[in-house]
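Source file start18.cif; content: mmCIF, C-alpha atoms.
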data_structure
loop_
_atom_site.label_atom_id
_atom_site.label_comp_id
_atom_site.auth_asym_id
_atom_site.auth_seq_id
_atom_site.Cartn_x
_atom_site.Cartn_y
_atom_site.Cartn_z
CA MET M 269 0.00 0.00 0.00
CA ALA M 270 1.11 3.51 -0.73
CA PRO M 271 2.69 5.63 2.04
CA TYR M 272 -0.22 8.06 2.15
CA THR M 273 -3.84 7.91 3.20
CA ILE M 274 -6.57 8.50 0.69
CA ASP M 275 -8.95 11.23 1.79
CA LYS M 276 -11.35 10.96 -1.10
CA THR M 277 -12.03 8.64 -4.01
CA LEU M 278 -13.43 10.04 -7.22
CA ASP M 279 -15.06 7.44 -9.42
CA ALA M 280 -14.73 8.85 -12.92
CA ARG M 281 -15.14 5.51 -14.65
CA GLY M 282 -17.17 5.68 -17.82
CA LEU M 283 -16.54 9.39 -18.23
CA THR M 284 -14.72 10.72 -21.26
CA CYS M 285 -12.46 13.68 -21.91
CA PRO M 286 -12.59 16.32 -20.42
CA MET M 287 -14.82 15.16 -17.56
CA PRO M 288 -12.24 13.27 -15.44
CA SER M 289 -10.11 16.40 -15.00
CA VAL M 290 -13.21 18.60 -14.64
CA LYS M 291 -14.56 16.32 -11.89
CA ALA M 292 -11.13 16.17 -10.25
CA ALA M 293 -10.89 19.96 -10.22
CA LEU M 294 -14.37 20.25 -8.71
CA ALA M 295 -13.62 17.58 -6.11
CA LEU M 296 -10.34 19.24 -5.10
CA GLU M 297 -12.16 22.51 -4.46
CA HIS M 298 -13.84 20.91 -1.45
CA MET M 299 -10.61 19.42 -0.08
CA GLU M 300 -7.89 20.78 2.17
CA ILE M 301 -4.34 21.43 1.01
CA GLY M 302 -2.24 18.31 1.52
CA GLN M 303 -5.15 15.90 1.23
CA VAL M 304 -4.94 13.04 -1.23
CA ILE M 305 -7.49 12.14 -3.87
CA GLU M 306 -7.73 8.86 -5.70
CA VAL M 307 -9.18 9.19 -9.20
CA LEU M 308 -10.52 6.07 -10.89
CA THR M 309 -10.84 6.22 -14.64
CA ASP M 310 -11.08 3.82 -17.54
CA ASP M 311 -10.54 6.51 -20.16
CA PRO M 312 -7.17 5.88 -21.84
CA VAL M 313 -6.79 9.58 -22.64
CA SER M 314 -6.92 10.45 -18.94
CA LYS M 315 -3.84 8.33 -18.31
CA ARG M 316 -1.95 10.98 -20.22
CA ASP M 317 -4.15 13.98 -19.47
CA LEU M 318 -4.48 13.78 -15.68
CA PRO M 319 -0.70 13.92 -15.00
CA VAL M 320 -0.50 16.92 -17.36
CA TRP M 321 -3.46 18.43 -15.56
CA ALA M 322 -1.75 17.88 -12.20
CA GLN M 323 1.43 19.50 -13.46
CA SER M 324 -0.31 22.58 -14.82
CA THR M 325 -2.47 23.06 -11.72
CA GLY M 326 0.49 22.52 -9.40
CA ASN M 327 -1.07 19.54 -7.65
CA GLU M 328 1.35 16.75 -6.88
CA LEU M 329 1.07 13.48 -8.78
CA LEU M 330 1.85 10.78 -6.22
CA GLY M 331 1.41 7.75 -8.38
CA MET M 332 -0.55 5.91 -10.95
CA LYS M 333 -1.41 2.25 -11.36
CA GLU M 334 -3.46 0.21 -13.74
CA GLU M 335 -5.58 -2.70 -12.59
CA GLU M 336 -7.75 -4.53 -15.09
CA LYS M 337 -8.29 -1.53 -17.37
CA VAL M 338 -9.05 0.78 -14.43
CA ILE M 339 -6.43 3.46 -14.01
CA LYS M 340 -5.94 4.74 -10.47
CA ILE M 341 -4.30 8.12 -10.15
CA TYR M 342 -3.24 9.60 -6.81
CA LEU M 343 -2.96 13.34 -6.41
CA ARG M 344 -2.11 15.57 -3.47
CA LYS M 345 -3.80 18.95 -3.38
CA ALA M 346 -1.33 21.84 -3.41
CA MET U 297 -11.79 27.74 -9.62
CA VAL U 298 -11.77 31.42 -8.81
CA ASP U 299 -9.03 31.05 -6.22
CA GLN U 300 -6.72 29.45 -8.79
CA VAL U 301 -7.04 31.84 -11.70
CA LYS U 302 -3.89 33.81 -11.04
CA ASN U 303 -0.90 32.94 -13.21
CA LYS U 304 -2.66 30.04 -14.84
CA GLY U 305 -3.38 31.91 -18.04
CA SER U 306 -6.66 32.48 -19.75
CA VAL U 307 -8.66 31.33 -22.75
CA THR U 308 -11.01 33.49 -24.77
CA ILE U 309 -13.32 31.88 -27.29
CA VAL U 310 -15.50 33.62 -29.85
CA LEU U 311 -18.42 31.32 -30.48
CA PHE U 312 -19.81 32.54 -33.78
CA SER U 313 -21.41 29.27 -34.80
CA GLY U 314 -24.78 28.08 -33.56
CA ASP U 315 -24.09 24.47 -34.57
CA LEU U 316 -24.39 21.87 -31.83
CA ASP U 317 -21.14 20.10 -32.69
CA LYS U 318 -19.10 23.31 -32.75
CA ALA U 319 -20.68 24.52 -29.51
CA ILE U 320 -19.78 21.25 -27.81
CA ALA U 321 -16.18 21.63 -29.00
CA ALA U 322 -16.11 25.12 -27.46
CA PHE U 323 -17.45 23.82 -24.16
CA VAL U 324 -15.08 20.83 -24.03
CA ILE U 325 -12.17 23.25 -24.35
CA SER U 326 -13.72 25.70 -21.88
CA THR U 327 -14.37 23.16 -19.14
CA ALA U 328 -10.95 21.54 -19.62
CA ALA U 329 -9.26 24.94 -19.37
CA ALA U 330 -11.31 25.84 -16.29
CA SER U 331 -10.29 22.55 -14.68
CA MET U 332 -6.67 23.61 -15.20
CA GLY U 333 -7.39 26.78 -13.29
CA MET U 334 -7.36 29.01 -16.35
CA SER U 335 -9.86 31.81 -16.53
CA VAL U 336 -12.19 31.29 -19.46
CA ASN U 337 -14.32 33.78 -21.38
CA ILE U 338 -16.75 32.92 -24.15
CA PHE U 339 -17.98 35.72 -26.38
CA PHE U 340 -21.22 34.59 -28.06
CA THR U 341 -21.86 36.36 -31.31
CA PHE U 342 -24.27 36.01 -34.19
CA TRP U 343 -25.50 32.39 -34.61
CA GLY U 344 -23.60 31.53 -31.44
CA LEU U 345 -26.20 33.46 -29.46
CA ASN U 346 -28.58 30.51 -30.02
CA VAL U 347 -26.43 28.43 -27.67
CA ILE U 348 -27.31 30.63 -24.70
CA LYS U 349 -30.87 31.55 -25.63
CA LYS U 350 -33.59 30.67 -23.15
CA LYS U 351 -36.18 28.13 -24.19
CA GLY U 352 -39.48 29.58 -25.36
CA GLY U 353 -40.51 32.92 -26.73
CA LEU U 354 -40.62 32.17 -30.41
CA ILE U 355 -41.43 35.67 -31.62
CA LYS U 356 -38.75 38.14 -30.66
CA GLY U 357 -37.75 41.44 -32.16
CA GLN U 358 -39.16 44.84 -32.88
CA ASN U 359 -39.95 44.71 -36.59
CA TRP U 360 -41.20 42.07 -39.02
CA MET U 361 -37.74 41.23 -40.35
CA GLN U 362 -36.34 40.61 -36.88
CA LYS U 363 -39.44 38.61 -35.95
CA MET U 364 -39.14 36.49 -39.09
CA LEU U 365 -35.44 35.93 -38.49
CA ASN U 366 -36.04 34.84 -34.90
CA ILE U 367 -38.82 32.46 -35.89
CA MET U 368 -36.62 30.83 -38.54
CA ASN U 369 -33.58 30.97 -36.29
CA TYR U 370 -35.43 29.60 -33.27
CA GLY U 371 -33.11 27.64 -31.06
CA HIS U 372 -31.60 27.11 -27.66
CA ALA U 373 -29.02 24.72 -26.20
CA LYS U 374 -31.30 21.70 -26.59
CA LYS U 375 -32.45 22.58 -30.06
CA LEU U 376 -29.45 23.18 -32.30
CA ALA U 377 -28.61 21.71 -35.67
CA ILE U 378 -25.27 20.11 -36.49
CA SER U 379 -22.91 21.46 -39.11
CA LYS U 380 -22.92 18.31 -41.26
CA MET U 381 -25.45 15.54 -41.83
CA ASN U 382 -28.24 17.38 -40.04
CA MET U 383 -30.86 15.46 -42.04
CA LEU U 384 -33.83 17.46 -40.73
CA GLY U 385 -32.93 16.79 -37.12
CA MET U 386 -32.10 13.09 -37.41
CA GLY U 387 -28.39 13.87 -37.24
CA PRO U 388 -28.53 15.75 -33.91
CA ALA U 389 -30.86 13.11 -32.43
CA MET U 390 -28.41 10.35 -33.34
CA LEU U 391 -25.41 12.36 -32.18
CA LYS U 392 -27.07 13.04 -28.82
CA THR U 393 -27.84 9.33 -28.37
CA MET U 394 -24.28 8.37 -29.28
CA MET U 395 -22.88 10.96 -26.90
CA SER U 396 -25.05 9.90 -23.97
CA GLN U 397 -24.09 6.26 -24.58
CA LYS U 398 -20.47 7.31 -24.16
CA LYS U 399 -21.41 9.43 -21.16
CA VAL U 400 -20.37 12.67 -22.82
CA PRO U 401 -22.38 15.45 -21.16
CA SER U 402 -25.08 17.17 -23.19
CA LEU U 403 -24.56 20.78 -24.24
CA HIS U 404 -27.01 21.85 -21.55
CA GLU U 405 -24.95 20.01 -18.90
CA PHE U 406 -21.74 21.47 -20.30
CA ILE U 407 -23.15 24.99 -19.95
CA GLN U 408 -24.03 24.36 -16.30
CA THR U 409 -20.66 22.76 -15.51
CA ALA U 410 -18.81 25.59 -17.23
CA HIS U 411 -20.78 28.15 -15.24
CA GLN U 412 -20.12 26.27 -12.01
CA MET U 413 -16.40 26.40 -12.79
CA GLY U 414 -16.42 30.12 -13.33
CA VAL U 415 -16.44 30.28 -17.12
CA LYS U 416 -17.77 33.69 -18.13
CA PHE U 417 -20.38 34.05 -20.87
CA TYR U 418 -20.66 37.34 -22.73
CA PRO U 419 -23.40 37.94 -25.32
CA CYS U 420 -22.41 40.28 -28.16
CA GLU U 421 -24.21 43.58 -28.07
CA MET U 422 -24.16 44.29 -31.80
CA SER U 423 -25.60 40.92 -32.87
CA MET U 424 -28.32 41.31 -30.25
CA THR U 425 -29.26 44.71 -31.63
CA VAL U 426 -29.38 43.42 -35.21
CA MET U 427 -31.51 40.43 -34.25
CA GLY U 428 -33.69 42.38 -31.81
CA LEU U 429 -32.74 40.30 -28.79
CA GLN U 430 -32.67 41.44 -25.15
CA LYS U 431 -30.49 40.36 -22.24
CA GLU U 432 -33.60 38.63 -20.81
CA ASP U 433 -33.69 36.31 -23.83
CA PHE U 434 -30.53 34.61 -22.60
CA VAL U 435 -29.87 32.14 -19.81
CA ASP U 436 -29.14 33.56 -16.36
CA GLU U 437 -25.55 32.27 -16.45
CA CYS U 438 -24.60 35.16 -18.76
CA GLN U 439 -22.48 38.05 -17.59
CA GLU U 440 -23.00 41.54 -18.93
CA VAL U 441 -23.54 42.22 -22.61
CA ILE U 442 -20.32 43.48 -24.20
CA GLY U 443 -19.14 44.95 -27.50
CA ALA U 444 -16.19 44.30 -29.77
CA VAL U 445 -13.86 46.64 -27.90
CA SER U 446 -14.52 44.96 -24.56
CA TYR U 447 -14.05 41.58 -26.23
CA LEU U 448 -10.71 42.70 -27.65
CA SER U 449 -9.57 44.07 -24.33
CA ILE U 450 -10.17 40.61 -22.85
CA ALA U 451 -8.72 38.80 -25.87
CA LYS U 452 -5.45 40.71 -25.95
CA GLU U 453 -4.76 39.65 -22.37
CA SER U 454 -5.54 36.00 -23.12
CA ASN U 455 -2.99 33.32 -23.85
CA VAL U 456 -5.30 31.23 -26.00
CA ASN U 457 -7.76 32.81 -28.42
CA LEU U 458 -10.12 30.73 -30.49
CA PHE U 459 -12.80 31.55 -33.05
CA ILE U 460 -15.33 28.78 -33.42
#

As a first step, turn the structure in this file into structure tokens.
Amino acid sequence: MAPYTIDKTLDARGLTCPMPSVKAALALEHMEIGQVIEVLTDDPVSKRDLPVWAQSTGNELLGMKEEEKVIKIYLRKA
Amino acid sequence: MVDQVKNKGSVTIVLFSGDLDKAIAAFVISTAAASMGMSVNIFFTFWGLNVIKKKGGLIKGQNWMQKMLNIMNYGHAKKLAISKMNMLGMGPAMLKTMMSQKKVPSLHEFIQTAHQMGVKFYPCEMSMTVMGLQKEDFVDECQEVIGAVSYLSIAKESNVNLFI
């Protein structure tokens, strides 16, 4: 298990571009700085887009893993 | 997203087209940019005004030409044609079904999400005057009505400018 606790899980499975990053942005608005969000997506584009999104918003990308076509992305709010 | 707008850049889109497909493209870009913390402005002009028109009120305008134009150009976010293969409305119906199957939001949902994320909507003053439309004819999400000079003053400060 990762060395951080997950404060919120966002299930963005089934959603297509640009909704995973839109939902992530909206979810982060209600979170505290330093909290960690887990984003679940099965959209292949998001695998590339969400890290770019994290970089441009300044949120920290903690990790990413793929389990049976579901991509799990971990972000820390900055 | 208001707290994040600083130093994240901004996008300004002129939405000239009233076609469903082009409007969706504009809103995909807008919501994506807003999610990145960019400030987003959409300037709705000419046919693009149909995207933000309220439902109802078929006859608008002061004279017969304006009234005729608005009857023929009746439309709102849920009633727009597509730019190709419209086929008397069959095209948009099929496109909407295909989009909802893939869980792509409808244009109406996109407008609400964009507004929630702080995207600013500006109707164009000159097109409204020509077509005989009032601020009340547009959805409540709209900001103030602006002219070309105000648009340009926003556009010249923007990092990304698009005309759709």

Test item: residues at most 7 Å from region 278-289 of chain M, only C-alpha atoms, excluding those fewer than 4 positions along its chain, as a ChimeraX atom specification | /M:293,306-311,314,318,321 /U:324,328,331,399-400

Could you pull the residues within 8 Å of Val441 (chain U), counting only C-alpha atoms, minus those fewer than 3 positions along the same chain, as a PyMOL selection string?
-> chain U and resi 418-421+431

Applied to the shown file, which residues does the PyMOL selection byres ((chain U and resi 332) around 9) return, written as a PyMOL selection string?
-> (chain M and resi 289-290+293+321-322+324-325) or (chain U and resi 297+300-301+304+327-331+333-335)

Shortest interatomic distance to Ile320 (chain U) - which of U:Gln408, U:Ser402, U:Gln358, U:Gln430, counting all atoms listed in the file | U:Ser402

Rank M:Asn327, M:Lys337, M:Pro312, M:Pro271 by their smallest atom-to-atom distance to Glu297 (chain M), using all atoms listed in the file, and report the top residue only.
->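 Using all atoms listed in the file, the shortest distance to Glu297 (chain M) belongs to M:Asn327.
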
Polymer residues at most 10 Å from Gln362 (chain U), only C-alpha atoms, same-chain spacing of 3 or more positions, as a list in words =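 My reading of the contact set: Ile355, Lys356, Gly357, Gln358, Asn359, Leu365, Asn366, Ile367, Met368, Thr425, Val426, Met427, Gly428 and Leu429 of chain U.
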
Extract, using all atoms listed in the file, all DNA, RNA and protein residues at most 10 Å from Gly385 (chain U), discarding same-chain residues fewer than 6 positions from it, and format them as a list in words.
-> Lys375, Leu376, Ala377 and Ile378 of chain U

Using the selection just defined, write its residues with C-alpha atoms as a PDB file, keeping the file's coordinate frame.
ATOM      1  CA  LYS U 375     -32.450  22.580 -30.060  1.00  0.00           C
ATOM      2  CA  LEU U 376     -29.450  23.180 -32.300  1.00  0.00           C
ATOM      3  CA  ALA U 377     -28.610  21.710 -35.670  1.00  0.00           C
ATOM      4  CA  ILE U 378     -25.270  20.110 -36.490  1.00  0.00           C
TER       5      ILE U 378
END

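Using all atoms listed in the file, the nearest neighbour of Phe342 (chain U) within the list U:Ser306, U:Ser396, U:Asn382, U:Asn369 is U:Asn369.
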
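Between CA of Ile309 (chain U) and CA of Met422 (chain U) the separation is 17.1 Å.
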
Name all residues at most 8 Å from Gly314 (chain U) (count all atoms listed in the file; drop same-chain ones fewer than 4 positions away) and give them as a list of chain:residue names.
->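 In the requested format, the answer is U:Lys318, U:Ala319, U:Phe342, U:Trp343, U:Gly344, U:Leu345, U:Asn346, U:Val347, U:Leu376, U:Ala377.
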
Distance CA of Val336 (chain U)-CA of Ile348 (chain U), one decimal place?
->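 Result for CA of Val336 (chain U) versus CA of Ile348 (chain U): 16.0 Å, one decimal.
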